[in-house]
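Source file input_27.csv; content: CSV, C-alpha atoms and all ligand atoms.
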chain,number,residue,atom,x,y,z
A,900,MET,CA,10.2,29.8,-6.6
A,901,LYS,CA,9.3,26.6,-8.3
A,902,ILE,CA,9.8,23.2,-6.7
A,903,LEU,CA,9.6,19.9,-8.6
A,904,VAL,CA,7.8,17.2,-6.5
A,905,THR,CA,8.1,13.8,-8.0
A,906,GLY,CA,5.5,11.4,-6.7
A,907,GLY,CA,3.5,14.4,-5.8
A,908,THR,CA,0.1,12.8,-6.2
A,909,GLY,CA,1.1,10.0,-3.7
A,910,TYR,CA,0.4,9.9,0.0
A,911,ILE,CA,3.3,12.0,1.5
A,912,GLY,CA,3.9,13.9,-1.8
A,913,SER,CA,0.4,15.3,-1.9
A,914,HIS,CA,0.5,16.6,1.7
A,915,THR,CA,3.9,18.1,1.0
A,916,VAL,CA,2.6,19.9,-2.2
A,917,VAL,CA,-0.1,21.5,0.0
A,918,GLU,CA,2.4,22.7,2.6
A,919,LEU,CA,4.8,24.0,-0.1
A,920,GLN,CA,2.0,26.0,-1.8
A,921,GLN,CA,0.8,27.4,1.5
A,922,GLN,CA,4.3,28.6,2.1
A,923,GLY,CA,4.3,30.5,-1.2
A,924,TYR,CA,6.2,28.0,-3.5
A,925,ASP,CA,5.0,27.2,-7.0
A,926,VAL,CA,4.9,23.4,-7.5
A,927,VAL,CA,5.3,21.2,-10.5
A,928,ILE,CA,4.4,17.5,-9.9
A,929,VAL,CA,5.7,14.6,-11.9
A,930,ASP,CA,3.9,11.3,-11.3
A,931,ASN,CA,3.1,8.3,-13.5
A,932,LEU,CA,0.0,7.4,-11.3
A,933,SER,CA,1.3,3.9,-10.7
A,934,ASN,CA,0.1,4.2,-7.1
A,935,SER,CA,-2.1,7.3,-7.1
A,936,HIS,CA,-4.9,9.1,-9.0
A,937,ALA,CA,-4.9,12.3,-11.1
A,938,GLY,CA,-7.9,13.4,-9.0
A,939,VAL,CA,-5.5,14.2,-6.2
A,940,VAL,CA,-4.4,17.3,-8.2
A,941,ASP,CA,-8.0,18.6,-8.0
A,942,ARG,CA,-8.1,17.9,-4.2
A,943,ILE,CA,-4.8,19.8,-3.7
A,944,ALA,CA,-6.3,22.7,-5.7
A,945,GLU,CA,-9.4,22.6,-3.5
A,946,ILE,CA,-7.4,22.9,-0.3
A,947,THR,CA,-4.9,25.5,-1.4
A,948,GLY,CA,-6.9,27.4,-4.1
A,949,LYS,CA,-4.0,26.9,-6.5
A,950,ARG,CA,-3.6,24.1,-9.0
A,951,PRO,CA,-0.1,22.7,-9.2
A,952,GLU,CA,1.3,21.9,-12.7
A,953,PHE,CA,1.1,18.2,-13.3
A,954,TYR,CA,3.1,16.0,-15.7
A,955,ASN,CA,2.2,12.3,-16.0
A,956,PHE,CA,5.2,10.2,-17.1
A,957,ASP,CA,7.5,7.5,-15.8
A,958,LEU,CA,10.7,8.8,-14.4
A,959,ILE,CA,12.6,5.7,-15.4
A,960,ASP,CA,12.1,6.9,-19.0
A,961,ARG,CA,15.3,8.7,-19.6
A,962,GLU,CA,14.3,10.5,-22.7
A,963,LYS,CA,11.0,11.7,-21.2
A,964,THR,CA,12.8,12.9,-18.1
A,965,LYS,CA,15.3,14.8,-20.2
A,966,THR,CA,12.6,16.4,-22.3
A,967,PHE,CA,10.7,17.4,-19.1
A,968,PHE,CA,13.7,19.3,-17.8
A,969,GLU,CA,14.2,21.0,-21.1
A,970,ILE,CA,10.6,22.2,-21.1
A,971,CYS,CA,10.2,22.9,-17.4
A,972,LYS,CA,12.7,25.7,-16.6
A,973,ASP,CA,13.3,27.6,-13.4
A,974,ILE,CA,13.2,24.7,-11.0
A,975,SER,CA,14.9,25.9,-7.7
A,976,GLY,CA,14.7,22.5,-6.0
A,977,ILE,CA,13.4,19.0,-6.2
A,978,ILE,CA,11.7,16.7,-3.7
A,979,HIS,CA,12.0,13.2,-4.9
A,980,PHE,CA,9.3,11.0,-3.5
A,981,ALA,CA,8.6,8.8,-6.5
A,982,ALA,CA,9.4,5.2,-5.7
A,983,TYR,CA,7.8,1.8,-5.1
A,984,LYS,CA,7.4,1.2,-1.3
A,985,ALA,CA,5.8,-2.2,-0.6
A,986,VAL,CA,8.3,-4.3,1.3
A,987,GLY,CA,6.6,-7.7,0.6
A,988,GLU,CA,6.1,-6.9,-3.1
A,989,SER,CA,9.8,-6.1,-3.3
A,990,MET,CA,10.7,-9.6,-2.0
A,991,ASN,CA,8.8,-11.1,-4.9
A,992,ASN,CA,9.9,-8.6,-7.6
A,993,PRO,CA,13.3,-7.3,-6.6
A,994,LEU,CA,14.3,-6.2,-10.1
A,995,MET,CA,11.2,-4.1,-10.5
A,996,TYR,CA,12.1,-2.3,-7.3
A,997,TYR,CA,15.8,-1.8,-8.1
A,998,ARG,CA,14.9,-0.5,-11.6
A,999,ASN,CA,12.1,1.8,-10.5
A,1000,ASN,CA,13.7,3.3,-7.4
A,1001,LEU,CA,17.3,3.5,-8.7
A,1002,ASP,CA,16.7,4.5,-12.3
A,1003,SER,CA,14.3,7.2,-11.4
A,1004,LEU,CA,16.8,8.7,-8.9
A,1005,ILE,CA,19.7,8.5,-11.5
A,1006,ASN,CA,17.5,10.2,-14.1
A,1007,ILE,CA,16.6,13.0,-11.7
A,1008,LEU,CA,20.3,13.5,-10.8
A,1009,GLN,CA,21.2,13.6,-14.5
A,1010,GLY,CA,18.5,16.2,-15.0
A,1011,MET,CA,19.9,18.3,-12.1
A,1012,GLN,CA,23.4,18.0,-13.5
A,1013,ASP,CA,22.4,18.9,-17.1
A,1014,ASN,CA,20.2,21.9,-16.0
A,1015,GLY,CA,22.2,23.4,-13.2
A,1016,ILE,CA,19.7,22.5,-10.4
A,1017,SER,CA,21.5,21.9,-7.2
A,1018,ASN,CA,19.0,21.3,-4.4
A,1019,LEU,CA,17.5,17.8,-3.7
A,1020,VAL,CA,15.4,16.5,-0.9
A,1021,PHE,CA,15.3,12.7,-0.9
A,1022,SER,CA,12.7,10.3,0.7
A,1023,SER,CA,14.7,7.8,2.7
A,1024,SER,CA,13.4,5.5,5.4
A,1025,CYS,CA,14.1,4.2,8.9
A,1026,THR,CA,14.2,0.8,7.2
A,1027,VAL,CA,17.9,1.6,6.5
A,1028,TYR,CA,18.6,0.9,10.2
A,1029,GLY,CA,17.0,-2.6,10.4
A,1030,GLN,CA,16.7,-3.5,14.1
A,1031,PRO,CA,19.1,-1.0,15.7
A,1032,ASP,CA,21.4,-2.1,18.6
A,1033,GLU,CA,20.6,1.1,20.5
A,1034,LEU,CA,17.4,3.0,20.9
A,1035,PRO,CA,16.5,5.7,20.1
A,1036,VAL,CA,18.2,5.4,16.8
A,1037,ARG,CA,20.4,8.3,15.7
A,1038,GLU,CA,21.4,9.3,12.2
A,1039,THR,CA,24.9,8.1,13.0
A,1040,SER,CA,23.7,4.6,14.0
A,1041,PRO,CA,25.1,1.9,11.8
A,1042,ILE,CA,23.2,0.9,8.6
A,1043,LYS,CA,22.4,-2.8,8.9
A,1044,GLU,CA,22.2,-5.3,6.1
A,1045,ALA,CA,18.9,-4.7,4.3
A,1046,TRP,CA,16.1,-7.1,5.0
A,1047,SER,CA,14.3,-6.4,1.7
A,1048,PRO,CA,15.1,-5.2,-1.8
A,1049,TYR,CA,13.0,-2.1,-1.0
A,1050,GLY,CA,15.1,-1.3,2.0
A,1051,ASN,CA,18.2,-2.0,0.0
A,1052,THR,CA,17.1,0.5,-2.7
A,1053,LYS,CA,16.9,3.2,0.1
A,1054,GLN,CA,20.4,2.3,1.3
A,1055,MET,CA,21.8,2.2,-2.3
A,1056,SER,CA,20.1,5.5,-3.1
A,1057,GLU,CA,21.8,7.2,-0.1
A,1058,GLN,CA,25.1,5.9,-1.4
A,1059,ILE,CA,24.5,7.1,-4.9
A,1060,LEU,CA,23.6,10.5,-3.5
A,1061,LYS,CA,26.7,10.7,-1.4
A,1062,PHE,CA,29.0,10.2,-4.4
A,1063,ALA,CA,26.9,12.2,-6.9
A,1064,VAL,CA,26.7,15.1,-4.5
A,1065,GLU,CA,30.5,15.2,-4.2
A,1066,ALA,CA,31.2,14.8,-7.9
A,1067,HIS,CA,28.6,17.3,-9.2
A,1068,SER,CA,28.6,19.9,-6.5
A,1069,LEU,CA,24.9,19.2,-5.5
A,1070,LYS,CA,23.2,19.8,-2.2
A,1071,THR,CA,21.1,17.0,-0.8
A,1072,ILE,CA,19.0,16.4,2.3
A,1073,ALA,CA,18.0,12.8,2.9
A,1074,LEU,CA,15.0,12.5,5.2
A,1075,ARG,CA,14.6,9.2,7.0
A,1076,TYR,CA,10.9,8.8,7.8
A,1077,PHE,CA,9.7,6.6,10.5
A,1078,ASN,CA,6.1,5.5,10.2
A,1079,PRO,CA,3.9,8.2,8.5
A,1080,ILE,CA,0.2,7.9,9.3
A,1081,GLY,CA,-2.9,10.1,9.3
A,1082,ALA,CA,-4.3,12.4,6.7
A,1083,HIS,CA,-4.9,16.1,6.0
A,1084,GLU,CA,-7.4,17.8,8.3
A,1085,SER,CA,-9.7,18.6,5.3
A,1086,ALA,CA,-10.0,14.8,4.7
A,1087,LEU,CA,-9.6,15.7,1.0
A,1088,ILE,CA,-6.2,13.9,0.7
A,1089,GLY,CA,-4.8,10.9,2.6
A,1090,GLU,CA,-3.4,7.4,2.1
A,1091,LEU,CA,-5.0,5.4,-0.7
A,1092,PRO,CA,-3.6,1.9,-0.5
A,1093,LEU,CA,-4.4,-0.3,-3.5
A,1094,GLY,CA,-5.9,-3.7,-2.5
A,1095,ILE,CA,-5.4,-5.1,1.0
A,1096,PRO,CA,-3.3,-2.7,3.0
A,1097,ASN,CA,0.1,-3.9,4.4
A,1098,ASN,CA,0.4,-1.1,6.9
A,1099,LEU,CA,-1.2,-1.1,10.3
A,1100,VAL,CA,-3.3,2.1,10.3
A,1101,PRO,CA,-5.1,1.7,6.9
A,1102,PHE,CA,-5.8,-1.8,8.0
A,1103,ILE,CA,-7.3,-0.6,11.3
A,1104,THR,CA,-9.5,2.1,9.6
A,1105,GLN,CA,-10.6,-0.3,6.8
A,1106,THR,CA,-11.6,-2.9,9.5
A,1107,ALA,CA,-13.6,-0.3,11.4
A,1108,ILE,CA,-15.4,0.9,8.3
A,1109,GLY,CA,-16.3,-2.7,7.4
A,1110,LEU,CA,-14.1,-3.3,4.4
A,1111,ARG,CA,-12.0,-5.9,6.4
A,1112,LYS,CA,-13.3,-8.4,8.9
A,1113,SER,CA,-10.6,-8.3,11.5
A,1114,LEU,CA,-7.2,-6.9,12.1
A,1115,SER,CA,-4.4,-9.4,12.7
A,1116,VAL,CA,-2.0,-8.2,15.3
A,1117,PHE,CA,1.4,-9.7,14.3
A,1118,GLY,CA,3.0,-11.1,17.4
A,1119,SER,CA,2.4,-10.6,21.1
A,1120,ASP,CA,5.6,-12.2,22.3
A,1121,TYR,CA,8.1,-9.4,21.6
A,1122,ASN,CA,10.3,-8.1,24.3
A,1123,THR,CA,8.1,-5.0,24.9
A,1124,PRO,CA,5.9,-4.0,27.8
A,1125,ASP,CA,2.7,-5.4,26.2
A,1126,GLY,CA,4.4,-7.9,23.9
A,1127,THR,CA,3.5,-6.2,20.6
A,1128,ALA,CA,6.0,-4.4,18.4
A,1129,ILE,CA,6.8,-0.8,18.8
A,1130,ARG,CA,7.2,1.9,16.1
A,1131,ASP,CA,7.6,5.7,15.9
A,1132,TYR,CA,4.4,6.9,14.2
A,1133,ILE,CA,4.4,10.4,12.8
A,1134,HIS,CA,1.6,12.5,11.4
A,1135,VAL,CA,1.9,12.9,7.6
A,1136,VAL,CA,1.3,16.7,7.9
A,1137,ASP,CA,4.2,17.1,10.4
A,1138,LEU,CA,6.3,15.1,8.0
A,1139,ALA,CA,5.2,17.3,5.0
A,1140,LYS,CA,6.2,20.4,6.9
A,1141,ALA,CA,9.7,19.1,7.5
A,1142,HIS,CA,10.1,19.0,3.7
A,1143,VAL,CA,9.3,22.7,3.4
A,1144,VAL,CA,11.9,23.4,6.1
A,1145,ALA,CA,14.5,21.3,4.3
A,1146,VAL,CA,13.8,23.1,1.0
A,1147,ASP,CA,14.0,26.5,2.7
A,1148,ARG,CA,17.3,25.4,4.3
A,1149,MET,CA,18.8,24.6,1.0
A,1150,ILE,CA,17.5,27.5,-0.9
A,1151,SER,CA,18.6,30.0,1.7
A,1152,GLY,CA,22.1,28.4,1.8
A,1153,LYS,CA,21.9,27.3,5.4
A,1154,THR,CA,23.0,23.7,4.8
A,1155,LYS,CA,26.2,22.9,6.7
A,1156,LEU,CA,27.2,19.9,4.6
A,1157,PRO,CA,26.5,19.1,0.9
A,1158,PHE,CA,24.8,15.8,2.0
A,1159,GLU,CA,22.8,16.0,5.2
A,1160,ILE,CA,20.6,13.3,6.8
A,1161,PHE,CA,17.8,13.7,9.3
A,1162,ASN,CA,15.5,11.3,11.1
A,1163,LEU,CA,11.9,12.4,10.9
A,1164,GLY,CA,9.8,10.9,13.7
A,1165,THR,CA,8.3,12.0,17.0
A,1166,GLY,CA,10.8,10.3,19.2
A,1167,ASN,CA,8.1,8.3,20.9
A,1168,GLY,CA,7.4,4.6,20.4
A,1169,PHE,CA,3.9,3.1,20.5
A,1170,SER,CA,3.0,-0.6,20.5
A,1171,VAL,CA,0.4,-2.0,18.1
A,1172,LEU,CA,-2.0,-2.4,21.1
A,1173,GLU,CA,-1.5,1.2,22.0
A,1174,VAL,CA,-2.3,2.3,18.5
A,1175,ILE,CA,-5.5,0.2,18.6
A,1176,GLN,CA,-6.4,1.8,22.0
A,1177,SER,CA,-5.9,5.3,20.6
A,1178,PHE,CA,-8.1,4.4,17.6
A,1179,GLU,CA,-10.9,3.0,19.8
A,1180,LYS,CA,-10.7,6.2,22.0
A,1181,VAL,CA,-11.0,8.7,19.1
A,1182,SER,CA,-13.5,6.6,17.1
A,1183,GLY,CA,-15.7,5.7,20.0
A,1184,GLY,CA,-16.0,2.1,18.8
A,1185,LYS,CA,-14.4,-1.3,19.5
A,1186,LEU,CA,-12.0,-2.7,16.9
A,1187,ASN,CA,-12.3,-6.3,15.9
A,1188,TYR,CA,-8.8,-7.8,16.1
A,1189,GLN,CA,-7.0,-11.0,16.9
A,1190,ILE,CA,-3.4,-11.8,17.9
A,1191,VAL,CA,-1.6,-14.0,15.3
A,1192,ASP,CA,2.0,-15.0,14.8
A,1193,ARG,CA,4.8,-12.5,14.1
A,1194,ARG,CA,5.1,-11.2,10.5
A,1195,PRO,CA,8.4,-12.4,9.0
A,1196,GLY,CA,10.9,-9.6,8.6
A,1197,ASP,CA,9.3,-7.3,11.2
A,1198,VAL,CA,11.7,-5.6,13.7
A,1199,GLU,CA,10.8,-5.7,17.4
A,1200,LYS,CA,11.0,-2.0,18.2
A,1201,VAL,CA,12.3,1.2,16.7
A,1202,TRP,CA,11.9,4.8,17.4
A,1203,ALA,CA,13.9,7.9,16.4
A,1204,ASP,CA,16.3,10.2,18.2
A,1205,THR,CA,14.9,13.4,16.6
A,1206,SER,CA,17.3,15.9,18.4
A,1207,PHE,CA,19.4,16.5,15.3
A,1208,ALA,CA,16.3,17.5,13.2
A,1209,ASN,CA,14.8,19.4,16.1
A,1210,GLU,CA,18.0,21.5,16.7
A,1211,GLU,CA,19.3,21.8,13.1
A,1212,LEU,CA,16.1,22.2,11.2
A,1213,GLY,CA,14.2,23.9,14.0
A,1214,TRP,CA,11.4,21.4,13.2
A,1215,LYS,CA,9.5,19.3,15.6
A,1216,ALA,CA,6.5,16.9,15.1
A,1217,LEU,CA,3.6,18.4,16.9
A,1218,LYS,CA,0.7,16.0,16.5
A,1219,ASN,CA,0.1,13.2,19.0
A,1220,LEU,CA,-1.1,9.7,18.4
A,1221,ASP,CA,-4.8,10.5,19.0
A,1222,GLU,CA,-4.7,13.3,16.5
A,1223,MET,CA,-3.0,11.0,14.0
A,1224,MET,CA,-5.6,8.3,14.5
A,1225,LEU,CA,-8.5,10.7,14.4
A,1226,SER,CA,-7.4,12.2,11.1
A,1227,ALA,CA,-6.9,8.7,9.6
A,1228,TRP,CA,-10.4,7.8,10.7
A,1229,ASN,CA,-11.9,11.0,9.3
A,1230,TRP,CA,-10.2,10.2,6.0
A,1231,GLU,CA,-11.6,6.7,5.9
A,1232,LYS,CA,-15.1,8.0,6.6
A,1233,ALA,CA,-14.7,10.6,3.9
A,1234,LEU,CA,-13.7,7.9,1.4
A,1235,ALA,CA,-16.7,5.8,2.4
A,1236,ASN,CA,-19.0,8.7,1.8
A,1237,LYS,CA,-17.7,9.2,-1.7
A,1238,LYS,CA,-18.6,5.6,-2.7
B,1,LIG,P1,3.1,6.6,-2.6
B,1,LIG,O1,3.1,5.3,-3.3
B,1,LIG,O2,1.8,7.0,-2.1
B,1,LIG,O3,3.7,7.8,-3.5
B,1,LIG,C1,4.7,7.5,-4.4
B,1,LIG,C2,4.3,8.1,-5.8
B,1,LIG,O4,5.3,8.0,-6.7
B,1,LIG,C3,3.0,7.5,-6.3
B,1,LIG,O5,2.0,8.5,-6.6
B,1,LIG,C4,3.5,6.8,-7.6
B,1,LIG,O6,2.5,6.8,-8.6
B,1,LIG,C5,4.7,7.6,-8.0
B,1,LIG,N1,5.8,6.9,-8.7
B,1,LIG,C6,6.3,5.7,-8.4
B,1,LIG,N2,7.3,5.4,-9.3
B,1,LIG,C7,7.2,6.4,-10.2
B,1,LIG,C8,8.0,6.6,-11.4
B,1,LIG,N3,8.9,5.7,-11.9
B,1,LIG,N4,7.7,7.7,-12.1
B,1,LIG,C9,6.8,8.6,-11.7
B,1,LIG,N5,6.1,8.4,-10.6
B,1,LIG,C10,6.3,7.3,-9.9
B,1,LIG,O7,4.2,6.5,-1.4
B,1,LIG,P2,4.4,7.4,-0.2
B,1,LIG,O8,4.0,6.7,1.0
B,1,LIG,O9,3.9,8.8,-0.4
B,1,LIG,O10,6.0,7.4,-0.2
B,1,LIG,C11,6.8,8.5,-0.8
B,1,LIG,C12,8.2,8.2,-0.6
B,1,LIG,O11,8.5,8.1,0.8
B,1,LIG,C13,8.7,6.9,-1.2
B,1,LIG,O12,10.0,7.1,-1.8
B,1,LIG,C14,8.8,5.9,-0.1
B,1,LIG,O13,9.7,4.9,-0.3
B,1,LIG,C15,9.2,6.8,1.0
B,1,LIG,N6,8.8,6.3,2.4
B,1,LIG,C16,7.5,6.1,2.7
B,1,LIG,C17,7.2,5.6,3.9
B,1,LIG,C18,5.7,5.2,4.2
B,1,LIG,O14,5.5,4.5,5.2
B,1,LIG,N7,4.7,5.7,3.5
B,1,LIG,C19,8.1,5.5,4.9
B,1,LIG,C20,9.5,5.8,4.6
B,1,LIG,C21,9.8,6.2,3.3
B,2,LIG,C1,3.6,-1.4,11.9
B,2,LIG,C2,3.4,-2.4,13.0
B,2,LIG,C3,3.5,-4.7,12.3
B,2,LIG,C4,-0.1,-4.6,9.9
B,2,LIG,C5,6.8,-0.3,6.9
B,2,LIG,C6,8.0,-0.5,6.1
B,2,LIG,C7,9.0,0.6,6.4
B,2,LIG,C8,8.4,2.0,6.2
B,2,LIG,C9,7.2,2.1,7.0
B,2,LIG,C10,8.8,2.7,4.0
B,2,LIG,C11,4.3,-3.6,12.9
B,2,LIG,C12,2.1,-4.3,12.9
B,2,LIG,C13,0.9,-4.2,10.7
B,2,LIG,C14,-1.1,-5.4,10.4
B,2,LIG,C15,0.0,-5.5,12.5
B,2,LIG,N1,8.1,2.2,4.9
B,2,LIG,N2,1.0,-4.7,12.0
B,2,LIG,N3,-1.0,-5.9,11.7
B,2,LIG,O1,6.4,-2.6,9.0
B,2,LIG,O2,6.9,-0.8,10.7
B,2,LIG,O3,7.2,-0.3,8.3
B,2,LIG,O4,6.3,1.0,6.7
B,2,LIG,O5,10.0,3.0,4.0
B,2,LIG,O6,10.1,0.4,5.5
B,2,LIG,O7,8.5,-1.8,6.4
B,2,LIG,O8,4.9,-0.6,9.2
B,2,LIG,O9,2.5,-0.2,9.3
B,2,LIG,O10,3.4,-2.4,8.2
B,2,LIG,O11,3.5,-2.1,10.7
B,2,LIG,O12,0.1,-6.0,13.6
B,2,LIG,O13,-2.1,-5.8,9.7
B,2,LIG,O14,2.1,-2.9,13.0
B,2,LIG,O15,3.8,-6.0,12.7
B,2,LIG,O16,4.7,-3.9,14.2
B,2,LIG,P1,6.4,-1.2,9.4
B,2,LIG,P2,3.5,-1.3,9.2
Reformat the file's structure so that it appears as structure tokens.
Amino acid sequence: MKILVTGGTGYIGSHTVVELQQQGYDVVIVDNLSNSHAGVVDRIAEITGKRPEFYNFDLIDREKTKTFFEICKDISGIIHFAAYKAVGESMNNPLMYYRNNLDSLINILQGMQDNGISNLVFSSSCTVYGQPDELPVRETSPIKEAWSPYGNTKQMSEQILKFAVEAHSLKTIALRYFNPIGAHESALIGELPLGIPNNLVPFITQTAIGLRKSLSVFGSDYNTPDGTAIRDYIHVVDLAKAHVVAVDRMISGKTKLPFEIFNLGTGNGFSVLEVIQSFEKVSGGKLNYQIVDRRPGDVEKVWADTSFANEELGWKALKNLDEMMLSAWNWEKALANKK
């Protein structure tokens, strides 16, 4: 069976393509390489021994998307990762975010409707919850007003899906990721942030390898045991495997509702200092860091209630924080060796 993976050369997409292929699916990738490299297709082929089909075009281009669906027949399901994801950038360029993230989704939905494709897995985010009133956060927890245009595109996408699914008899699973980190054990694929990383873990590994001088820890006065903010970090391979489970679930007709939503996290929260400690443990070195002011817009603490995903999908994140940090470090070292 053939699965279309949009954004398949990106961070989470590439790991998901590997897992899909290893479970016997054929994969066709669409990506415009706005935040990834064509070489990722070679790396995927190196891991799996099978080269995914690859189309390079922009999914906000309606005509090209329409032509793609006419050419590329027999798609059994779609995983739609393609989107812009930098919260700060979205504050400065909101229209760019609304256009890219919403138009691409609408074009995909149109392609599904026109070509009789009924299964879609959508990349959503824990950002839809903002700072939840109760922890751990459940899928039924209220959606708070968005703090950024990026977060708003995920909320709006979920609403678009809810109505489109009803009107066009589609099946959709929206997966709300918490904080994906780490890399494939082969160290052939991983996260490739352009420029200065915004996210914690690439900043840690780039500091340790000498690309950055020092990590700034944003805030030590939060209402948490050590004063630093808490997140639910999840290994990207665990996350990727959940997508295969979601695809299997739709294709085998096991979905219980046309539109299902699942949290994907480990259910455990770790503070920034705990993440640094784990990194120091697995890398055997000391990390250069300093405590600075809070980063505007950051929530204090958030972690997932994963019981719905565990019970309904029969999926559970297996890798612990040390394994996540070790794989991230191995990936950073592999990148340095290539230079
Ligand atoms: P990524 O930037 O590594 O991958 C996204 C890919 O989509 C890139 O390869 C990019 O080139 C491509 N793309 C973007 N716009 C496109 C367009 N219009 N047409 C074709 N290709 C396009 O990001 P990622 O971390 O792999 O995230 C994947 C998805 O998961 C995104 O939807 C993101 O919002 C969501 N998400 C990510 C995180 C995270 O922390 N990484 C957390 C929650 C949700
Ligand atoms: C994690 C923690 C920072 C960098 C973002 C998006 C969210 C989702 C996941 C897509 C926070 C602290 C960070 C640094 C630090 N993405 N930190 N120094 O902000 O939880 O979530 O990625 O949907 O929408 O907002 O992730 O990795 O940036 O930060 O102290 O240099 O690390 O304050 O507590 P975040 P992050």
Can you list, as a ChimeraX atom specification, every protein, DNA or RNA residue that comes within 9 Å of stretch 1021-1030 of chain A when you count all atoms listed in the file, leaving out same-chain residues fewer than 4 positions away? /A:977-982,1036,1040-1046,1049-1051,1053-1054,1056-1057,1060,1071-1078,1162-1163,1197-1203
Contacts between ligand LIG 1 (chain B) and chain A, please, where a residue of chain A counts if it comes within 6 Å (with all atoms listed in the file); show its shortest atom pair and distance in Å to one decimal, rows by chain and ascending number, as a tab-separated table.
residue	atom	partner	partner_atom	distance
A:Gly906	CA	B:LIG1	O4	3.4
A:Thr908	CA	B:LIG1	O5	4.7
A:Gly909	CA	B:LIG1	O5	3.4
A:Tyr910	CA	B:LIG1	O9	3.7
A:Ile911	CA	B:LIG1	O9	3.8
A:Gly912	CA	B:LIG1	O9	5.3
A:Asp930	CA	B:LIG1	N5	3.7
A:Asn931	CA	B:LIG1	C9	4.1
A:Leu932	CA	B:LIG1	O6	3.7
A:Ser933	CA	B:LIG1	O6	3.8
A:Asn934	CA	B:LIG1	O6	3.8
A:Ser935	CA	B:LIG1	O5	4.3
A:Phe956	CA	B:LIG1	C9	5.9
A:Asp957	CA	B:LIG1	N4	3.7
A:Leu958	CA	B:LIG1	N4	3.9
A:Ile959	CA	B:LIG1	N3	5.1
A:Phe980	CA	B:LIG1	C12	4.2
A:Ala981	CA	B:LIG1	O4	3.4
A:Ala982	CA	B:LIG1	C6	4.1
A:Tyr983	CA	B:LIG1	C6	5.3
A:Lys984	CA	B:LIG1	O13	4.5
A:Asn999	CA	B:LIG1	N3	5.2
A:Ser1003	CA	B:LIG1	N3	5.6
A:Ser1022	CA	B:LIG1	O11	4.7
A:Ser1023	CA	B:LIG1	C21	5.2
A:Ser1024	CA	B:LIG1	C20	4.0
A:Tyr1076	CA	B:LIG1	C20	4.6
A:Phe1077	CA	B:LIG1	C19	5.9
A:Asn1078	CA	B:LIG1	O14	5.1
A:Pro1079	CA	B:LIG1	O14	5.2
Contacts of stretch 1092-1102 of chain A at 9 Å (all atoms listed in the file; same-chain gap of 4+ positions) as a compact mmCIF listing (two decimals) with C-alpha atoms, in the frame of the given file:
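So the final result, stored in result.txt, reads:
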# COMPACT_ATOMS: atom_id res chain seq x y z
CA TYR A 910 0.40 9.90 0.00
CA ASN A 934 0.10 4.20 -7.10
CA SER A 935 -2.10 7.30 -7.10
CA ALA A 985 5.80 -2.20 -0.60
CA VAL A 986 8.30 -4.30 1.30
CA GLY A 987 6.60 -7.70 0.60
CA ILE A 1080 0.20 7.90 9.30
CA GLY A 1081 -2.90 10.10 9.30
CA THR A 1106 -11.60 -2.90 9.50
CA ALA A 1107 -13.60 -0.30 11.40
CA ARG A 1111 -12.00 -5.90 6.40
CA SER A 1113 -10.60 -8.30 11.50
CA LEU A 1114 -7.20 -6.90 12.10
CA VAL A 1116 -2.00 -8.20 15.30
CA VAL A 1171 0.40 -2.00 18.10
CA VAL A 1174 -2.30 2.30 18.50
CA ILE A 1175 -5.50 0.20 18.60
CA MET A 1224 -5.60 8.30 14.50
CA ALA A 1227 -6.90 8.70 9.60
CA TRP A 1228 -10.40 7.80 10.70
CA GLU A 1231 -11.60 6.70 5.90
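Pairwise distance (atom CA of A:Val1136, atom CA of A:His914) equals 6.3 Å.
Neighbouring residues of A:Ser1151 at 12 Å or closer, counting all atoms listed in the file and skipping chain neighbours under 6 positions away, are A:Met900, A:Ser975, A:Gly976, A:Asn1018, A:Lys1070, A:Val1143, A:Val1144, A:Ala1145.
With all atoms listed in the file as the atoms that count, the residue of A:Tyr954, A:Phe1062, A:Phe1117, A:Phe967 with the shortest distance to ligand LIG 2 (chain B) is A:Phe1117.
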Within 12 Å of A:Met1011, counting only C-alpha atoms, which residues show up once you throw out same-chain ones fewer than 4 positions away? Write them as a PyMOL selection string, please. chain A and resi 903+964-965+967-969+971-979+1004-1007+1015-1019+1063-1064+1067-1071
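Of the residues under consideration (A:Ile1108, A:Ala1141, A:Met1149, A:Ala1128), A:Ile1108 shows the shortest atom-to-atom contact distance to A:Asn1187 when counting only C-alpha atoms.
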Point out the residue among A:Lys1112, A:His1142, A:Arg942, A:Arg1194 with the least atom-to-atom distance to ligand LIG 2 (chain B), counting only C-alpha atoms and all ligand atoms. A:Arg1194
